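**Student:** To start, I am sharing the structure in question, which I have written as structure tokens.
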Amino acid sequence: MPPYREDEAGLLAVQTAGDNAPALSISEISQLLKRTVEDRFGFVRVRGELSGVKRAASGHLYLSLKDENARLDGVMWRGGAQRLGFVPEDGVEVIATGKLTTYPGRSNYQIVIERMEIAGEGALLALLAKTKARLEAEGLFAPTRKRPLPYLPRVIGVVTSPTGAVIRDILHRLRDRFPTHVLVWPVLVQGPGAAAQIAAAVRGFSALEPGGSVPRPDLVIVARGGGSIEDLWCFNDEDVVRAIAASTIPTISAVGHETDTTLADFAADVRAPTPTAAAEIAVPVRGELIAGLADLHARKQRAVVRLLNLSRERLEQRARRLPAPQALLEGQAQRLDDLGDRLRRALVHRTGLAATMLAQRSAGLRPAVLAARLQRGRDRLAAQRLRPAAVLQRIEAARTQVGALDRLRRSLDPEAPLARGYVLVKGADGSLIRTREAAAAQALLHLKFADGVLDAVPGNAPPPAAPPRPAPKPRSVPTGDAQPKLL
């Protein structure tokens with residue numbers, strides 16, 4: 001860019017020959033600053049307290065490092081953030097390794113973190129206590145969530161390293177106590193990626209279906225040998241703790257030695273001091289079970305024999321008190337003989353009575369007697385001859401009575417007046433309506449005319465005044481058999 005100089009009025013920048021301070025653009029000076037900072041601070045290790053930790057949707061981690069007097073913005077790209085061995089939280093003191101650079105968009109500088117570690121065991125323990133308090137507040141360590149272990153699991157799942165001494169100790173102890181089918185899910189037990197593998201293994205055992213090609217464990221052991229707090233840190237990972245707490249299979253945590261404690265121990269149903277102790281907790285001693293079963297079998301046999309002997313003694317005592325079978329049958333045999341003798345005498349007597357009655361009845365069945373009774377019947381029949389006059393008289397009397405009853409029926413028929421213009425009013429239930437008040441109380445009226453039925457709904461308006469009725473005309477009373485109409 002050519003040099004500039006000011007004009008005499010001081011308003012315009014005018015280029016002058018030999019000017020060694022040309023005007024730079026904002027982008028140019030930003031790039032110069034960026035190269036200068038990155039060349040000078042291409043590799044730094046910074047110790048500070050995390051603040052404003054935020055993980056973006058892209059997976060990048062944005063944060064700030066601060067101490068008592070200063071603050072430094074930082075960013076950790078997704079690849080490095082996924083390799084972190086702990087969950088960064090506000091207030092944790094860390095040592096960040098990376099390079100300083102500038103961000104022209106905001107005219108500030110920041111550190112691009114490639115690796116981040118907790119600054120010392122004290123900071124690590126502080127992070128552990130903070131994570132424990134948070135998970136405990138969610139109820140993940142509540143005693144009410146602990147489940148009882150199966151007494152004799154058929155299949156045991158073990159989450160551990162397949163090459164360490166831990167799996168050999170567990171298998172050896174199980175073989176000595178009670179040989180059981182063991183499924184080993186090989187995982188890393190320390191270092192980057194170990195927490196994700198352990199959590200996936202615990203969830204994988206829970207996802208197995210009963211009766212599938214791979215048997216579903218009745219018990220899961222999460223095990224690792226002893227080590228420093230950094231070596232055991234993957235068992236303090238929140239993802240591992242939540243996987244153990246959410247497991248649908250009872251779990252035993254056997255991490256480290258007896259003095260080592262991790263958050264996985266609090267989330268598991270049972271904590272074992274060592275992996276060997278976990279195998280002892282998982283199964284009983286087979287020899288002791290066999291001896292116990294043999295003792296129970298012997299006790300059962302002794303109890304059965306004792307019960308049989310006692311029952312035999314009681315039976316013999318009661319049998320001695322029973323009378324002899326012949327004595328029980330003697331009285332019944334005598335009674336049977338007596339009843340048989342009475343039966344023979346009763347049959348002879350009954351036969352004699354029947355013969356006497358037959359002789360008496362047969363005397364009245366002679367032919368002369370029967371002929372005399374037949375003749376008397378014929379004489380009575382001839383005496384009862386029918387007279388036509390008497391029959392006709394009774395028929396005429398019955399006809400007269402039937403005609404009178406028919407005229408009475410027609411005069412009392414309630415529907416007879418319908419032919420003269422009257423209407424029969426009935427309610428919705430079929431009851432007869434005789435007054436206006438009763439009709440107004442009905443929701444529906446059935447009006448029966450001579451030629452059919454009409455349904456009507458009563459109105460609320462008052463009825464019109466009735467016109468004066470003419471005086472009734474005198475009616476002639478018929479004579480003879482005719483009877484006056486009622487309507």
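Convention: chains lettered A, B, ... in structure tokens order; per-chain residue numbering from 1; ligands numbered from 1 as shown.
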Need to verify the contact set: range 252-263 of chain A, 8 Å, only C-alpha atoms, exclusion of same-chain residues closer than 6 positions in sequence. Can you return it as number ranges by chain?
**Tutor:** A: 132, 219-227, 232-233, 235-237, 241, 269-275, 277-278
**Student:** List the spatial neighbours of range 38-47 of chain A as a list in words - criterion: any atom at most 8 Å away, only C-alpha atoms, same-chain residues fewer than 2 positions off excluded.
**Tutor:**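 Selected residues are Lys34, Arg35, Thr36, Glu49, Leu65, Glu93, Val94, Ile95, Ala96, Thr97, Gly98, Lys99, Leu100, Thr101 and Ala119 of chain A.
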**Student:** Which residue, A:Ala419, A:Val202, A:Ile29, A:Val87, has the smallest gap to Asp451 in chain A when you use only C-alpha atoms?
**Tutor:** A:Ala419
**Student:** Just the strand (DSSP E) stuff from range 35-157 of chain A, please, per backbone DSSP, written as number ranges by chain.
**Tutor:** A: 44-55, 61-66, 71-76, 93-103, 108-118, 155-157
**Student:** When you look at range 161-171 of chain A with a cut-off of 6 Å (counting only C-alpha atoms), what residues show up, excluding the ones that are within fewer than 4 positions of it in the same chain? I need them as JSON, numbers by chain.
**Tutor:** {"A": [186, 187, 188, 276, 279]}
**Student:** Could you write out that same residue set with all heavy atoms as a short mmCIF file (atom, residue, chain, number, x, y, z; two decimals), in the first residue's frame?
**Tutor:**
data_model
loop_
_atom_site.label_atom_id
_atom_site.label_comp_id
_atom_site.auth_asym_id
_atom_site.auth_seq_id
_atom_site.Cartn_x
_atom_site.Cartn_y
_atom_site.Cartn_z
N PRO A 186 -16.00 -58.23 27.91
CA PRO A 186 -14.68 -57.59 28.02
C PRO A 186 -14.77 -56.08 27.83
O PRO A 186 -15.40 -55.59 26.88
CB PRO A 186 -13.88 -58.26 26.90
CG PRO A 186 -14.92 -58.72 25.91
CD PRO A 186 -16.14 -59.06 26.71
N VAL A 187 -14.11 -55.34 28.73
CA VAL A 187 -14.10 -53.88 28.66
C VAL A 187 -12.74 -53.38 29.13
O VAL A 187 -11.96 -54.11 29.77
CB VAL A 187 -15.21 -53.26 29.56
CG1 VAL A 187 -16.60 -53.64 29.07
CG2 VAL A 187 -15.03 -53.68 31.01
N LEU A 188 -12.46 -52.12 28.82
CA LEU A 188 -11.33 -51.43 29.44
C LEU A 188 -11.73 -51.02 30.85
O LEU A 188 -12.87 -50.61 31.08
CB LEU A 188 -10.94 -50.20 28.63
CG LEU A 188 -10.41 -50.45 27.21
CD1 LEU A 188 -10.20 -49.12 26.49
CD2 LEU A 188 -9.12 -51.25 27.25
N THR A 276 -12.77 -61.19 44.57
CA THR A 276 -12.91 -62.54 45.13
C THR A 276 -14.10 -62.59 46.09
O THR A 276 -14.88 -63.56 46.08
CB THR A 276 -11.62 -62.95 45.84
OG1 THR A 276 -10.53 -62.87 44.93
CG2 THR A 276 -11.73 -64.36 46.38
N ALA A 279 -17.37 -62.96 44.23
CA ALA A 279 -17.71 -64.34 43.86
C ALA A 279 -18.26 -65.10 45.06
O ALA A 279 -19.17 -65.93 44.92
CB ALA A 279 -16.47 -65.03 43.29
#
**Student:** Please identify all polymer residues within 12 Å of Ala416 in chain A, counting only C-alpha atoms, omitting same-chain residues fewer than 4 positions from it, and present them as a ChimeraX atom specification.
**Tutor:** /A:409-412,420-424,448-450,485-487
**Student:** Counting only C-alpha atoms, which residue out of A:Ala397, A:Ala368, A:Leu432, A:Ala298 sits closest to Pro414 in chain A?
**Tutor:**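 Between A:Ala397, A:Ala368, A:Leu432, A:Ala298, the residue approaching Pro414 in chain A most closely is A:Leu432.
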**Student:** With only C-alpha atoms as the counted atoms, please give the residues lying no more than 7 Å from Leu149 in chain A, apart from itself and same-chain residues fewer than 2 positions off, as a list in words.
**Tutor:**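 Once the adjacent positions are removed, what remains is Arg147, Tyr151 and Pro250 of chain A.
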**Student:** Using the selection just defined, write its residues with N, CA, C and O atoms as a PDB file, in the first residue's frame.
**Tutor:**
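The new file out.pdb reads:
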ATOM      1  N   ARG A 147     -31.908 -54.097  45.572  1.00  0.00           N
ATOM      2  CA  ARG A 147     -32.657 -55.334  45.365  1.00  0.00           C
ATOM      3  C   ARG A 147     -31.905 -56.513  45.967  1.00  0.00           C
ATOM      4  O   ARG A 147     -30.660 -56.521  45.976  1.00  0.00           O
ATOM      5  N   TYR A 151     -30.459 -66.237  45.253  1.00  0.00           N
ATOM      6  CA  TYR A 151     -29.715 -67.156  46.122  1.00  0.00           C
ATOM      7  C   TYR A 151     -28.768 -68.039  45.329  1.00  0.00           C
ATOM      8  O   TYR A 151     -27.620 -68.243  45.720  1.00  0.00           O
ATOM      9  N   PRO A 250     -29.886 -57.532  39.222  1.00  0.00           N
ATOM     10  CA  PRO A 250     -29.130 -57.185  40.442  1.00  0.00           C
ATOM     11  C   PRO A 250     -27.631 -57.164  40.174  1.00  0.00           C
ATOM     12  O   PRO A 250     -27.104 -58.017  39.446  1.00  0.00           O
TER      13      PRO A 250
END
